[in-house]
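See below for data-v1.pdb, which holds PDB, C-alpha atoms.
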```
ATOM      1  CA  MET F   1     -11.933  13.436 -57.393
ATOM      2  CA  ASP F   2      -8.372  14.246 -56.496
ATOM      3  CA  ARG F   3      -8.602  11.854 -53.545
ATOM      4  CA  VAL F   4      -9.594   9.058 -55.947
ATOM      5  CA  ARG F   5      -6.621   9.945 -58.161
ATOM      6  CA  ARG F   6      -4.204   9.909 -55.230
ATOM      7  CA  GLN F   7      -5.559   6.574 -53.970
ATOM      8  CA  ALA F   8      -5.000   5.152 -57.451
ATOM      9  CA  ALA F   9      -1.420   6.505 -57.306
ATOM     10  CA  LEU F  10      -1.814   8.184 -60.703
ATOM     11  CA  THR F  11      -0.146  11.431 -61.649
ATOM     12  CA  PRO F  12      -2.318  14.041 -63.339
ATOM     13  CA  GLU F  13      -0.317  13.493 -66.527
ATOM     14  CA  VAL F  14      -1.021   9.756 -66.576
ATOM     15  CA  LEU F  15      -4.669  10.320 -65.720
ATOM     16  CA  ALA F  16      -5.044  12.914 -68.479
ATOM     17  CA  ARG F  17      -3.683  10.381 -70.960
ATOM     18  CA  LYS F  18      -5.888   7.551 -69.637
ATOM     19  CA  THR F  19      -9.025   9.695 -69.831
ATOM     20  CA  GLY F  20      -8.173  11.411 -73.105
ATOM     21  CA  THR F  21      -8.463  14.805 -71.444
ATOM     22  CA  ALA F  22      -6.170  17.798 -71.804
ATOM     23  CA  LEU F  23      -3.990  18.237 -68.732
ATOM     24  CA  ASP F  24      -5.097  21.841 -68.185
ATOM     25  CA  HIS F  25      -8.764  20.821 -68.265
ATOM     26  CA  LEU F  26      -8.107  17.943 -65.855
ATOM     27  CA  ALA F  27      -6.252  20.350 -63.553
ATOM     28  CA  GLY F  28      -9.328  22.595 -63.560
ATOM     29  CA  ILE F  29     -11.529  19.676 -62.562
ATOM     30  CA  LEU F  30      -9.152  18.496 -59.836
ATOM     31  CA  SER F  31      -8.894  22.027 -58.416
ATOM     32  CA  GLY F  32     -12.675  22.490 -58.432
ATOM     33  CA  HIS F  33     -12.691  25.251 -61.053
ATOM     34  CA  HIS F  34     -14.482  23.066 -63.615
ATOM     35  CA  PHE F  35     -17.369  20.699 -62.936
ATOM     36  CA  PRO F  36     -16.943  17.431 -64.850
ATOM     37  CA  THR F  37     -19.576  15.923 -67.063
ATOM     38  CA  ARG F  38     -21.295  12.706 -66.050
ATOM     39  CA  ARG F  39     -19.570  10.911 -68.928
ATOM     40  CA  PHE F  40     -16.138  12.170 -67.837
ATOM     41  CA  THR F  41     -16.856  11.055 -64.268
ATOM     42  CA  LEU F  42     -17.479   7.494 -65.488
ATOM     43  CA  THR F  43     -14.305   7.527 -67.589
ATOM     44  CA  TYR F  44     -12.352   8.957 -64.666
ATOM     45  CA  ALA F  45     -13.601   6.285 -62.260
ATOM     46  CA  LYS F  46     -12.642   3.503 -64.659
ATOM     47  CA  ALA F  47      -9.204   5.026 -65.277
ATOM     48  CA  CYS F  48      -8.604   5.148 -61.513
ATOM     49  CA  GLY F  49      -9.958   1.658 -60.863
ATOM     50  CA  ALA F  50     -12.705   3.137 -58.685
ATOM     51  CA  ASP F  51     -16.323   2.009 -58.475
ATOM     52  CA  PRO F  52     -18.113   4.105 -61.122
ATOM     53  CA  GLN F  53     -21.440   3.861 -59.276
ATOM     54  CA  VAL F  54     -19.971   5.377 -56.111
ATOM     55  CA  LEU F  55     -18.323   8.235 -57.982
ATOM     56  CA  LEU F  56     -21.530   8.839 -59.949
ATOM     57  CA  LEU F  57     -23.493   9.065 -56.722
ATOM     58  CA  VAL F  58     -21.103  11.746 -55.468
ATOM     59  CA  TRP F  59     -21.322  13.510 -58.856
ATOM     60  CA  GLU F  60     -25.142  13.446 -58.807
ATOM     61  CA  ASN F  61     -25.281  14.856 -55.276
ATOM     62  CA  GLU F  62     -22.937  17.694 -56.199
ATOM     63  CA  HIS F  63     -24.750  18.319 -59.487
ATOM     64  CA  ASP F  64     -28.065  18.563 -57.627
ATOM     65  CA  ARG F  65     -26.531  20.856 -55.018
ATOM     66  CA  ARG F  66     -25.195  23.160 -57.723
ATOM     67  CA  SER F  67     -28.510  23.117 -59.610
ATOM     68  CA  THR F  68     -30.649  24.028 -56.606
ATOM     69  CA  PRO F  69     -30.914  27.777 -56.015
ATOM     70  CA  SER F  70     -29.930  28.800 -52.530
ATOM     71  CA  HIS F  71     -32.374  30.708 -50.407
ATOM     72  CA  PRO F  72     -30.575  33.156 -48.091
ATOM     73  CA  GLY F  73     -32.106  33.388 -44.683
ATOM     74  CA  ARG F  74     -33.740  29.942 -44.822
ATOM     75  CA  SER F  75     -32.336  26.967 -42.985
TER      76      SER F  75
END
```
Any chance you could give the structure as structure tokens?
Amino acid sequence: MDRVRRQAALTPEVLARKTGTALDHLAGILSGHHFPTRRFTLTYAKACGADPQVLLLVWENEHDRRSTPSHPGRS
């Protein structure tokens, strides 16, 4: 998500204002400490001028990855 922000040439402060999100929460998302909601991801994409469908696809893949329990020892 930070790559999308940088490509849009938006500072975190401007993006926080455009998305209606607290700067500290946005910083947590951009650093990977917080996983964004699907709704926030759509708002974020629109604020950055990105294709919401592409960003949602990335979000869904990561959401699925995080939701699937890992099985140590299996490849």
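Between Val4 of chain F and the residues F:Ser67, F:Trp59, F:Tyr44, F:Gln53, the shortest atom-to-atom distance, using all atoms listed in the file, involves F:Tyr44.
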F:His33, F:Lys46, F:Arg38, F:Arg6 ranked by distance to Thr19 of chain F, top pick (using only C-alpha atoms): F:Lys46
Kindly provide, as JSON, the centre and edge lengths (Å, one decimal) of an axis-aligned box around all atoms of segment 44-56 of chain F given in the file, with 6 Å on each side.
```
{"center_x": -15.1, "center_y": 5.3, "center_z": -60.7, "size_x": 24.9, "size_y": 19.3, "size_z": 21.2}
```
Shell of 8 Å around Leu15 of chain F, only C-alpha atoms, local chain residues under 4 positions omitted, as a PyMOL selection string: chain F and resi 5+10-11+19+44+47-48
Non-local contacts of Leu55 of chain F (12 Å; all atoms listed in the file; under 6 positions in same chain excluded) as number ranges by chain: F: 1-5, 36-46, 48-49, 61-62
Close residues, Asp24 of chain F itself excluded, 12 Å, only C-alpha atoms, min 5 positions apart in chain, as a ChimeraX atom specification: /F:12-13,15-17,29-31,33-34
Next, the residues of the selection above should be written as a CSV table (one decimal), in the coordinates of the input with C-alpha atoms.
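Everything below was put into selection_18.csv:
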```
chain,number,residue,atom,x,y,z
F,12,PRO,CA,-2.3,14.0,-63.3
F,13,GLU,CA,-0.3,13.5,-66.5
F,15,LEU,CA,-4.7,10.3,-65.7
F,16,ALA,CA,-5.0,12.9,-68.5
F,17,ARG,CA,-3.7,10.4,-71.0
F,29,ILE,CA,-11.5,19.7,-62.6
F,30,LEU,CA,-9.2,18.5,-59.8
F,31,SER,CA,-8.9,22.0,-58.4
F,33,HIS,CA,-12.7,25.3,-61.1
F,34,HIS,CA,-14.5,23.1,-63.6
```
Coordinates-based distance that separates atom CA of Arg66 of chain F from atom CA of Phe35 of chain F (Å, one decimal): 9.7 Å
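Atom CA of His63 of chain F sits 20.5 Å away from atom CA of Thr21 of chain F.
With atom CA of His25 of chain F on one side and atom CA of Ala8 of chain F on the other, the separation reads 19.4 Å.
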Hey, could you patch up segment 3-19 of chain F with N, CA, C and O atoms and hand it over as an mmCIF file, in the frame of the given file?
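This is the output file selection.cif:
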```cif
data_model
loop_
_atom_site.group_PDB
_atom_site.id
_atom_site.type_symbol
_atom_site.label_atom_id
_atom_site.label_comp_id
_atom_site.auth_asym_id
_atom_site.auth_seq_id
_atom_site.Cartn_x
_atom_site.Cartn_y
_atom_site.Cartn_z
ATOM 1 N N ARG F 3 -8.854 12.936 -54.507
ATOM 2 C CA ARG F 3 -8.602 11.854 -53.545
ATOM 3 C C ARG F 3 -8.600 10.493 -54.258
ATOM 4 O O ARG F 3 -7.760 9.646 -53.980
ATOM 5 N N VAL F 4 -9.528 10.301 -55.176
ATOM 6 C CA VAL F 4 -9.594 9.058 -55.947
ATOM 7 C C VAL F 4 -8.317 8.895 -56.767
ATOM 8 O O VAL F 4 -7.738 7.813 -56.831
ATOM 9 N N ARG F 5 -7.857 9.980 -57.372
ATOM 10 C CA ARG F 5 -6.621 9.945 -58.161
ATOM 11 C C ARG F 5 -5.426 9.573 -57.288
ATOM 12 O O ARG F 5 -4.622 8.714 -57.661
ATOM 13 N N ARG F 6 -5.334 10.198 -56.133
ATOM 14 C CA ARG F 6 -4.204 9.909 -55.230
ATOM 15 C C ARG F 6 -4.251 8.467 -54.742
ATOM 16 O O ARG F 6 -3.215 7.812 -54.653
ATOM 17 N N GLN F 7 -5.443 7.967 -54.416
ATOM 18 C CA GLN F 7 -5.559 6.574 -53.970
ATOM 19 C C GLN F 7 -5.171 5.602 -55.072
ATOM 20 O O GLN F 7 -4.658 4.528 -54.798
ATOM 21 N N ALA F 8 -5.382 5.994 -56.318
ATOM 22 C CA ALA F 8 -5.000 5.152 -57.451
ATOM 23 C C ALA F 8 -3.517 5.301 -57.783
ATOM 24 O O ALA F 8 -3.002 4.582 -58.637
ATOM 25 N N ALA F 9 -2.846 6.232 -57.095
ATOM 26 C CA ALA F 9 -1.420 6.505 -57.306
ATOM 27 C C ALA F 9 -1.125 6.874 -58.759
ATOM 28 O O ALA F 9 -0.158 6.406 -59.352
ATOM 29 N N LEU F 10 -2.004 7.718 -59.330
ATOM 30 C CA LEU F 10 -1.814 8.184 -60.703
ATOM 31 C C LEU F 10 -1.440 9.657 -60.696
ATOM 32 O O LEU F 10 -2.047 10.446 -59.968
ATOM 33 N N THR F 11 -0.469 10.015 -61.502
ATOM 34 C CA THR F 11 -0.146 11.431 -61.649
ATOM 35 C C THR F 11 -1.207 12.071 -62.534
ATOM 36 O O THR F 11 -1.873 11.380 -63.318
ATOM 37 N N PRO F 12 -1.367 13.378 -62.435
ATOM 38 C CA PRO F 12 -2.318 14.041 -63.339
ATOM 39 C C PRO F 12 -1.985 13.789 -64.813
ATOM 40 O O PRO F 12 -2.891 13.632 -65.628
ATOM 41 N N GLU F 13 -0.712 13.724 -65.142
ATOM 42 C CA GLU F 13 -0.317 13.493 -66.527
ATOM 43 C C GLU F 13 -0.780 12.121 -67.022
ATOM 44 O O GLU F 13 -1.308 11.992 -68.126
ATOM 45 N N VAL F 14 -0.591 11.101 -66.206
ATOM 46 C CA VAL F 14 -1.021 9.756 -66.576
ATOM 47 C C VAL F 14 -2.546 9.705 -66.668
ATOM 48 O O VAL F 14 -3.107 9.137 -67.599
ATOM 49 N N LEU F 15 -3.209 10.328 -65.723
ATOM 50 C CA LEU F 15 -4.669 10.320 -65.720
ATOM 51 C C LEU F 15 -5.229 11.074 -66.930
ATOM 52 O O LEU F 15 -6.207 10.638 -67.534
ATOM 53 N N ALA F 16 -4.599 12.171 -67.295
ATOM 54 C CA ALA F 16 -5.044 12.914 -68.479
ATOM 55 C C ALA F 16 -4.947 12.020 -69.712
ATOM 56 O O ALA F 16 -5.862 11.980 -70.539
ATOM 57 N N ARG F 17 -3.863 11.281 -69.820
ATOM 58 C CA ARG F 17 -3.683 10.381 -70.960
ATOM 59 C C ARG F 17 -4.721 9.251 -70.936
ATOM 60 O O ARG F 17 -5.332 8.935 -71.943
ATOM 61 N N LYS F 18 -4.946 8.673 -69.754
ATOM 62 C CA LYS F 18 -5.888 7.551 -69.637
ATOM 63 C C LYS F 18 -7.334 7.969 -69.909
ATOM 64 O O LYS F 18 -8.138 7.158 -70.356
ATOM 65 N N THR F 19 -7.659 9.222 -69.627
ATOM 66 C CA THR F 19 -9.025 9.695 -69.831
ATOM 67 C C THR F 19 -9.198 10.425 -71.156
ATOM 68 O O THR F 19 -10.321 10.781 -71.522
#
```
